[in-house]
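structure.tsv follows; it contains TSV, C-alpha atoms.
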```tsv
chain	number	residue	atom	x	y	z
N	896	MET	CA	33.53	-21.33	6.82
N	897	MET	CA	31.06	-23.66	5.15
N	898	VAL	CA	28.19	-22.01	7.07
N	899	VAL	CA	29.24	-18.55	5.84
N	900	ARG	CA	29.30	-19.73	2.22
N	901	VAL	CA	25.87	-21.35	2.53
N	902	ALA	CA	24.47	-18.17	4.16
N	903	ILE	CA	25.83	-15.98	1.34
N	904	VAL	CA	24.41	-18.29	-1.34
N	905	VAL	CA	20.99	-18.38	0.40
N	906	ALA	CA	20.96	-14.57	0.76
N	907	LEU	CA	21.87	-14.03	-2.91
N	908	LEU	CA	19.26	-16.57	-4.00
N	909	GLY	CA	16.61	-14.80	-1.90
N	910	LEU	CA	17.56	-11.46	-3.43
N	911	VAL	CA	17.39	-12.82	-6.99
N	912	ILE	CA	13.99	-14.47	-6.38
N	913	THR	CA	12.58	-11.31	-4.74
N	914	LEU	CA	13.77	-9.08	-7.58
N	915	GLY	CA	12.55	-11.60	-10.17
N	916	LEU	CA	9.05	-11.65	-8.67
N	917	ALA	CA	8.98	-7.87	-8.29
N	918	PHE	CA	10.02	-7.10	-11.89
N	919	ARG	CA	7.65	-9.72	-13.31
N	920	ARG	CA	4.62	-7.75	-12.12
N	921	ASP	CA	2.94	-5.24	-14.39
N	922	PRO	CA	3.07	-1.90	-12.53
N	923	HIS	CA	-0.28	-0.93	-14.10
N	924	ASP	CA	-1.96	-3.98	-12.59
N	925	ILE	CA	-1.97	-3.42	-8.85
N	926	ARG	CA	-3.62	-6.43	-7.23
N	927	THR	CA	-4.09	-4.93	-3.80
N	928	GLY	CA	-6.99	-3.38	-2.00
N	929	THR	CA	-10.27	-3.72	-3.80
N	930	VAL	CA	-9.42	-6.21	-6.58
N	931	GLY	CA	-11.26	-9.50	-6.03
N	932	LYS	CA	-13.73	-7.88	-3.65
N	933	PRO	CA	-17.26	-6.57	-4.21
N	934	ALA	CA	-17.14	-3.14	-5.84
N	935	PRO	CA	-17.94	-0.42	-3.28
N	936	ALA	CA	-21.49	0.77	-3.85
N	937	PHE	CA	-22.13	4.36	-4.85
N	938	THR	CA	-24.79	6.70	-6.13
N	939	LEU	CA	-23.49	9.78	-7.92
N	940	GLN	CA	-25.12	12.61	-9.82
N	941	ARG	CA	-24.71	12.69	-13.60
N	942	LEU	CA	-22.39	15.43	-14.81
N	943	ASP	CA	-25.15	16.88	-16.97
N	944	GLY	CA	-27.42	17.06	-13.92
N	945	SER	CA	-30.04	14.69	-15.38
N	946	GLY	CA	-30.37	12.52	-12.28
N	947	ASP	CA	-28.33	9.99	-10.34
N	948	VAL	CA	-26.58	6.76	-11.28
N	949	ALA	CA	-26.31	3.92	-8.76
N	950	LEU	CA	-23.82	1.11	-9.31
N	951	ALA	CA	-26.39	-1.30	-7.88
N	952	ASP	CA	-28.66	-0.56	-10.88
N	953	LEU	CA	-25.97	-1.95	-13.20
N	954	SER	CA	-25.87	-5.35	-11.48
N	955	GLY	CA	-25.66	-8.25	-13.95
N	956	LYS	CA	-23.68	-6.22	-16.48
N	957	VAL	CA	-19.99	-5.83	-17.19
N	958	VAL	CA	-19.12	-2.36	-15.89
N	959	VAL	CA	-15.99	-0.42	-16.81
N	960	VAL	CA	-15.47	2.39	-14.34
N	961	ASN	CA	-12.99	5.00	-15.51
N	962	PHE	CA	-11.79	7.79	-13.20
N	963	PHE	CA	-10.87	10.89	-15.21
N	964	ALA	CA	-10.40	14.65	-14.99
N	965	SER	CA	-9.99	17.45	-17.51
N	966	TRP	CA	-6.74	18.58	-15.85
N	967	CYS	CA	-5.23	15.11	-16.31
N	968	LEU	CA	-3.12	14.88	-19.49
N	969	PRO	CA	-2.92	11.06	-19.56
N	970	CYS	CA	-6.75	11.08	-19.54
N	971	THR	CA	-6.77	12.91	-22.87
N	972	GLU	CA	-4.19	10.38	-24.16
N	973	GLU	CA	-6.38	7.39	-23.35
N	974	ASN	CA	-9.67	8.97	-24.44
N	975	PRO	CA	-9.58	7.85	-28.12
N	976	ALA	CA	-9.26	4.21	-26.96
N	977	LEU	CA	-12.20	4.65	-24.60
N	978	VAL	CA	-14.31	6.17	-27.41
N	979	ARG	CA	-13.53	3.28	-29.77
N	980	VAL	CA	-14.31	0.65	-27.13
N	981	TYR	CA	-17.53	2.44	-26.18
N	982	GLU	CA	-18.68	2.39	-29.83
N	983	ARG	CA	-17.78	-1.30	-30.08
N	984	TYR	CA	-19.81	-2.37	-27.03
N	985	ARG	CA	-22.54	0.28	-26.81
N	986	SER	CA	-25.31	-2.15	-27.85
N	987	SER	CA	-24.14	-4.96	-25.55
N	988	ASN	CA	-24.36	-5.68	-21.84
N	989	VAL	CA	-21.17	-3.68	-21.26
N	990	VAL	CA	-21.59	-0.35	-19.48
N	991	MET	CA	-18.93	2.31	-19.40
N	992	LEU	CA	-19.08	4.77	-16.57
N	993	GLY	CA	-16.83	7.81	-16.32
N	994	VAL	CA	-16.25	9.18	-12.82
N	995	ASN	CA	-15.09	12.79	-12.88
N	996	TYR	CA	-12.47	13.37	-10.23
N	997	GLN	CA	-11.55	16.44	-8.19
N	998	GLU	CA	-12.96	19.23	-10.33
N	999	SER	CA	-16.05	21.34	-10.81
N	1000	ARG	CA	-18.98	19.85	-12.68
N	1001	GLU	CA	-18.82	22.67	-15.24
N	1002	ASN	CA	-15.22	21.86	-16.17
N	1003	GLY	CA	-15.93	18.12	-16.20
N	1004	LEU	CA	-18.98	18.52	-18.44
N	1005	ALA	CA	-17.14	20.83	-20.86
N	1006	TYR	CA	-14.36	18.23	-21.14
N	1007	VAL	CA	-16.83	15.39	-21.74
N	1008	ARG	CA	-18.49	17.30	-24.58
N	1009	ARG	CA	-15.19	18.40	-26.09
N	1010	MET	CA	-13.76	14.87	-26.07
N	1011	GLY	CA	-16.89	13.19	-27.49
N	1012	MET	CA	-17.51	10.96	-24.48
N	1013	GLY	CA	-20.94	9.47	-25.19
N	1014	TRP	CA	-21.06	7.18	-22.17
N	1015	THR	CA	-22.53	8.04	-18.78
N	1016	THR	CA	-20.38	10.35	-16.70
N	1017	VAL	CA	-20.90	11.18	-13.03
N	1018	ALA	CA	-19.36	13.65	-10.57
N	1019	ASP	CA	-17.37	12.44	-7.56
N	1020	THR	CA	-17.17	15.94	-6.15
N	1021	ASP	CA	-15.89	15.09	-2.67
N	1022	GLY	CA	-13.66	12.20	-3.84
N	1023	ARG	CA	-15.35	9.66	-1.57
N	1024	VAL	CA	-15.93	7.12	-4.32
N	1025	ALA	CA	-12.33	7.40	-5.52
N	1026	LEU	CA	-11.12	6.85	-1.94
N	1027	SER	CA	-13.35	3.81	-1.49
N	1028	TYR	CA	-11.87	2.29	-4.68
N	1029	GLY	CA	-8.30	3.07	-3.57
N	1030	VAL	CA	-7.64	5.42	-6.49
N	1031	PHE	CA	-4.15	6.94	-6.53
N	1032	GLY	CA	-4.94	9.48	-9.25
N	1033	PRO	CA	-6.59	9.66	-12.66
N	1034	PRO	CA	-6.72	7.93	-15.00
N	1035	GLU	CA	-7.61	4.62	-13.38
N	1036	THR	CA	-9.91	1.97	-14.77
N	1037	PHE	CA	-11.75	-0.80	-12.91
N	1038	PHE	CA	-13.39	-3.85	-14.50
N	1039	ILE	CA	-16.44	-5.00	-12.56
N	1040	GLY	CA	-18.07	-8.32	-13.41
N	1041	PRO	CA	-21.82	-9.07	-13.58
N	1042	ASP	CA	-21.44	-10.47	-10.03
N	1043	GLY	CA	-20.44	-7.02	-8.80
N	1044	VAL	CA	-16.87	-8.06	-7.98
N	1045	ILE	CA	-13.88	-6.00	-9.15
N	1046	ALA	CA	-11.98	-8.33	-11.47
N	1047	GLY	CA	-9.21	-5.99	-12.56
N	1048	ARG	CA	-7.70	-2.59	-12.23
N	1049	HIS	CA	-5.49	-0.55	-14.53
N	1050	ILE	CA	-3.50	2.39	-13.25
N	1051	GLY	CA	-2.53	5.05	-15.79
N	1052	PRO	CA	-3.67	5.56	-19.39
N	1053	ILE	CA	-5.28	2.44	-20.78
N	1054	ASP	CA	-5.10	1.23	-24.39
N	1055	GLU	CA	-7.76	-0.42	-26.55
N	1056	ALA	CA	-6.27	-3.92	-26.33
N	1057	THR	CA	-6.21	-3.87	-22.51
N	1058	LEU	CA	-9.79	-2.58	-22.41
N	1059	VAL	CA	-11.05	-5.26	-24.82
N	1060	THR	CA	-9.15	-8.02	-22.99
N	1061	GLY	CA	-10.60	-6.93	-19.63
N	1062	ILE	CA	-14.13	-6.75	-21.02
N	1063	GLU	CA	-13.96	-10.01	-22.99
N	1064	THR	CA	-12.55	-11.91	-20.00
N	1065	LEU	CA	-15.57	-10.88	-17.96
N	1066	ARG	CA	-18.06	-11.55	-20.78
N	1067	THR	CA	-16.63	-15.03	-21.31
N	1068	ARG	CA	-16.79	-15.73	-17.60
N	1069	ALA	CA	-20.40	-14.51	-17.47
N	1070	ALA	CA	-21.40	-16.67	-20.45
N	1071	ARG	CA	-20.26	-19.91	-18.76
I	369	MET	CA	16.90	28.25	54.42
I	370	ASN	CA	13.98	30.16	52.94
I	371	GLY	CA	15.64	29.97	49.56
I	372	ARG	CA	15.87	26.16	49.76
I	373	VAL	CA	12.22	25.87	50.71
I	374	LEU	CA	11.25	28.07	47.80
I	375	VAL	CA	13.32	25.96	45.37
I	376	ALA	CA	11.79	22.76	46.77
I	377	ILE	CA	8.28	24.16	46.40
I	378	ALA	CA	9.04	25.30	42.84
I	379	LEU	CA	10.37	21.83	41.95
I	380	LEU	CA	7.30	20.19	43.48
I	381	VAL	CA	4.98	22.48	41.54
I	382	LEU	CA	6.93	21.77	38.33
I	383	ALA	CA	6.80	18.01	38.92
I	384	GLY	CA	3.08	18.23	39.67
I	385	ALA	CA	2.46	20.17	36.46
I	386	LEU	CA	4.42	17.62	34.44
I	387	VAL	CA	2.52	14.71	35.97
I	388	PHE	CA	-0.78	16.51	35.34
I	389	ALA	CA	0.13	17.21	31.71
I	390	ALA	CA	1.24	13.64	31.10
I	391	ARG	CA	-1.73	11.99	32.80
I	392	PRO	CA	-3.56	9.42	30.67
I	393	HIS	CA	-6.66	10.98	29.19
I	394	GLU	CA	-9.12	10.16	26.47
I	395	ALA	CA	-8.02	11.65	23.15
I	396	THR	CA	-10.18	14.45	21.80
I	397	ALA	CA	-11.67	14.20	18.32
I	398	ASP	CA	-8.98	16.49	16.90
I	399	GLU	CA	-6.21	14.45	18.55
I	400	ARG	CA	-7.65	11.26	17.06
I	401	ILE	CA	-7.85	12.83	13.60
I	402	ASP	CA	-4.19	13.88	13.96
I	403	GLN	CA	-3.17	10.38	15.14
I	404	ILE	CA	-4.88	8.62	12.25
I	405	THR	CA	-3.83	11.04	9.51
I	406	THR	CA	-0.22	10.94	10.75
I	407	GLU	CA	-0.18	7.19	10.13
I	408	LEU	CA	-1.85	7.34	6.71
I	409	ARG	CA	0.28	7.81	3.58
I	410	CYS	CA	-0.79	10.47	1.09
I	411	PRO	CA	-1.38	8.50	-2.16
I	412	VAL	CA	-0.26	11.31	-4.46
I	413	CYS	CA	2.83	12.45	-2.50
I	414	GLN	CA	6.38	11.22	-1.97
I	415	GLY	CA	6.58	9.81	1.55
I	416	LEU	CA	4.27	12.40	3.13
I	417	SER	CA	1.55	11.64	5.63
I	418	VAL	CA	-2.03	12.70	5.02
I	419	LYS	CA	-1.67	15.11	7.95
I	420	ASP	CA	1.38	16.85	6.46
I	421	SER	CA	0.31	16.95	2.82
I	422	THR	CA	-1.40	19.96	1.27
I	423	SER	CA	-2.73	17.99	-1.73
I	424	GLU	CA	-6.43	17.84	-2.56
I	425	THR	CA	-6.46	14.06	-2.10
I	426	ALA	CA	-4.98	14.38	1.41
I	427	ARG	CA	-7.56	17.05	2.25
I	428	GLN	CA	-10.36	14.72	1.12
I	429	MET	CA	-8.87	11.92	3.22
I	430	ARG	CA	-8.68	14.19	6.28
I	431	ASP	CA	-12.33	15.16	5.73
I	432	LEU	CA	-13.29	11.48	5.54
I	433	VAL	CA	-11.37	10.65	8.75
I	434	ALA	CA	-13.02	13.60	10.53
I	435	GLN	CA	-16.44	12.45	9.39
I	436	ARG	CA	-15.81	8.87	10.58
I	437	VAL	CA	-14.60	10.15	13.97
I	438	ARG	CA	-17.79	12.21	14.27
I	439	GLU	CA	-19.83	9.11	13.39
I	440	GLY	CA	-18.27	7.37	16.41
I	441	LYS	CA	-16.03	4.91	14.52
I	442	THR	CA	-12.95	3.64	16.35
I	443	ASN	CA	-9.42	4.29	15.04
I	444	ALA	CA	-9.13	0.63	14.05
I	445	GLU	CA	-12.38	0.77	12.07
I	446	ILE	CA	-11.30	3.92	10.23
I	447	GLU	CA	-7.87	2.44	9.43
I	448	ALA	CA	-9.52	-0.78	8.25
I	449	GLU	CA	-11.62	1.23	5.78
I	450	PHE	CA	-8.46	2.67	4.18
I	451	ARG	CA	-6.72	-0.73	4.28
I	452	THR	CA	-9.64	-2.27	2.38
I	453	ALA	CA	-9.23	0.28	-0.40
I	454	TYR	CA	-5.44	0.64	-0.60
I	455	GLY	CA	-3.97	-2.36	1.23
I	456	ASP	CA	-1.20	-2.08	3.83
I	457	TRP	CA	0.61	0.33	1.49
I	458	ILE	CA	-1.57	3.15	2.84
I	459	PHE	CA	0.23	3.03	6.22
I	460	LEU	CA	3.56	4.83	6.53
I	461	SER	CA	4.66	2.16	9.04
I	462	PRO	CA	3.77	-1.33	7.78
I	463	PRO	CA	1.79	-3.28	10.40
I	464	LEU	CA	3.70	-6.14	12.06
I	465	SER	CA	0.84	-8.57	11.53
I	466	SER	CA	1.06	-8.51	7.72
I	467	TRP	CA	3.60	-9.59	5.08
I	468	SER	CA	4.79	-6.00	5.06
I	469	GLY	CA	5.80	-6.58	8.68
I	470	LEU	CA	8.82	-8.46	7.27
I	471	VAL	CA	10.29	-5.00	6.74
I	472	TRP	CA	10.71	-4.86	10.52
I	473	LEU	CA	11.54	-8.52	11.17
I	474	VAL	CA	14.12	-9.20	8.44
I	475	PRO	CA	16.71	-6.65	9.65
I	476	VAL	CA	16.40	-7.99	13.21
I	477	ALA	CA	16.84	-11.57	11.97
I	478	VAL	CA	19.84	-10.58	9.82
I	479	ILE	CA	21.51	-8.76	12.74
I	480	ALA	CA	20.88	-11.75	15.04
I	481	ALA	CA	22.34	-14.13	12.44
I	482	GLY	CA	25.37	-11.84	11.97
I	483	LEU	CA	26.01	-11.66	15.73
I	484	GLY	CA	25.75	-15.43	15.96
I	485	LEU	CA	28.21	-15.84	13.09
I	486	VAL	CA	30.71	-13.36	14.60
I	487	SER	CA	30.57	-14.98	18.04
I	488	ALA	CA	31.06	-18.41	16.45
I	489	ARG	CA	34.09	-17.12	14.51
I	490	LEU	CA	35.57	-15.44	17.63
I	491	ARG	CA	35.33	-18.62	19.65
I	492	GLY	CA	37.21	-20.38	16.85
I	493	PRO	CA	37.38	-24.10	16.24
I	494	GLY	CA	37.73	-26.04	19.51
I	495	ALA	CA	41.12	-27.69	20.31
I	496	PRO	CA	41.19	-31.29	19.10
I	497	ALA	CA	40.64	-33.77	21.91
I	498	PRO	CA	43.94	-35.41	22.97
I	499	THR	CA	44.21	-39.02	21.97
I	500	ALA	CA	46.33	-41.65	23.70
I	501	PRO	CA	49.55	-42.48	21.75
I	502	SER	CA	49.80	-45.90	20.31
I	503	ALA	CA	52.25	-48.50	21.70
I	504	ALA	CA	54.50	-48.06	18.64
I	505	GLN	CA	54.58	-44.25	19.15
I	506	VAL	CA	55.47	-44.73	22.86
I	507	ALA	CA	58.23	-47.17	21.95
I	508	ALA	CA	59.67	-44.80	19.31
I	509	LEU	CA	59.62	-41.88	21.76
I	510	ARG	CA	61.35	-43.95	24.47
I	511	GLU	CA	63.99	-45.02	21.99
I	512	ARG	CA	64.54	-41.38	20.90
I	513	VAL	CA	64.84	-40.17	24.51
I	514	ALA	CA	67.30	-42.97	25.28
I	515	ARG	CA	69.32	-42.06	22.19
I	516	GLU	CA	69.45	-38.37	23.09
I	517	GLU	CA	70.45	-39.18	26.70
I	518	ALA	CA	73.24	-41.46	25.41
I	519	ALA	CA	74.41	-38.75	23.05
I	520	GLU	CA	74.56	-36.19	25.90
I	521	GLY	CA	76.68	-38.71	27.81
```
Could you write out this structure as structure tokens?
Amino acid sequence: MMVVRVAIVVALLGLVITLGLAFRRDPHDIRTGTVGKPAPAFTLQRLDGSGDVALADLSGKVVVVNFFASWCLPCTEENPALVRVYERYRSSNVVMLGVNYQESRENGLAYVRRMGMGWTTVADTDGRVALSYGVFGPPETFFIGPDGVIAGRHIGPIDEATLVTGIETLRTRAAR
Amino acid sequence: MNGRVLVAIALLVLAGALVFAARPHEATADERIDQITTELRCPVCQGLSVKDSTSETARQMRDLVAQRVREGKTNAEIEAEFRTAYGDWIFLSPPLSSWSGLVWLVPVAVIAAGLGLVSARLRGPGAPAPTAPSAAQVAALRERVAREEAAEG
């Protein structure tokens, strides 16, 4: 009888601990896959057709890679925050890079102009870059440090505070 | 007689055809693409494999798998590429060798523990080992027997 009681208590304790750990995690911050690993390299064509952008050329800078699409409503929700953060850091060593996801370049470019996105935007026409980053769907944002390692990832629309925190964490780390 | 021979020949031919169809053979490129995409989870669907999904993301994943097969990559190498990007989550059946493998092991362990518990309960507590009566108990019993015999006359 004693054994049964102990088994029940242990099982309940295990359940409580498991649920506690699971609910403690921020569902926007998925720490699987590429986080903590070198960012997959890519070279993509600019949406406006004015040449290519290679991630390797941005080495030594803090890079914010944002996957977006014009058909994605949450992308339009988060855009004002991205614009404000871009204006705040545009003269620093922080680079924002928009990766247009699963749509034609014409639609992507029209969206970029309509939404006032001044930062560099590139076309991931065949989705290969999104797949290599483990993207579930737009919007998703990755924070890449000057060492080229993905330090953080945000799934879903991002706000200004989260963007600034992600960027400042990497800038502080780089300054040490 | 002829009928039996014909039936026997037909059965032999059928068995031969089955053995021929089931013989081990190297999977074709298309079969490998099907195998891999059946195991991969579509990231934008609810419990659908990449093979079964009609979404754009699943189509792009199928294209990537097909390209890797054409490049001569093994199934393990292709699966490792997706694991690197998405973690073990990308597989519909969690691999045994990872933490996700607990999904398979925990139910087995719980069933084993339950069976052990039930068998222990069925056997019940063992009968207490008989102990020799003390001299006082023996004397009291003798006295009682003698009293009852005297009472019966």
Asn443 of chain I environment, 8 Å, all atoms listed in the file, sequence neighbours closer than 5 positions dropped, as a PyMOL selection string: chain I and resi 400+404+437
At most 8 Å to chain I: residues in chain N, all atoms listed in the file, as a compact mmCIF listing (two decimals) with C-alpha atoms, in the frame of the given file:
```
# COMPACT_ATOMS: atom_id res chain seq x y z
CA VAL N 899 29.24 -18.55 5.84
CA THR N 927 -4.09 -4.93 -3.80
CA GLY N 928 -6.99 -3.38 -2.00
CA THR N 929 -10.27 -3.72 -3.80
CA GLN N 997 -11.55 16.44 -8.19
CA ASP N 1021 -15.89 15.09 -2.67
CA GLY N 1022 -13.66 12.20 -3.84
CA ARG N 1023 -15.35 9.66 -1.57
CA LEU N 1026 -11.12 6.85 -1.94
CA SER N 1027 -13.35 3.81 -1.49
CA TYR N 1028 -11.87 2.29 -4.68
CA GLY N 1029 -8.30 3.07 -3.57
CA VAL N 1030 -7.64 5.42 -6.49
CA PHE N 1031 -4.15 6.94 -6.53
CA GLY N 1032 -4.94 9.48 -9.25
```
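We find atom CA of Thr405 of chain I and atom CA of Pro1033 of chain N to be spaced 22.4 Å apart.
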Please provide as a VMD selection string all residues within 12 Å of segment 973-987 of chain N, with the sequence filter that same-chain residues fewer than 4 positions apart are discarded (counting only C-alpha atoms). chain N and resid 956 to 965 967 to 969 991 to 993 1006 to 1007 1009 to 1015 1033 to 1036 1049 to 1063 1066
As lines of an AutoDock Vina configuration file, what would the box around segment 507-518 of chain I look like: edges along x, y and z, 4 Å added on every side, centre and edge lengths in Å to one decimal?
```
center_x = 65.7
center_y = -42.8
center_z = 23.0
size_x = 23.0
size_y = 16.8
size_z = 15.4
```
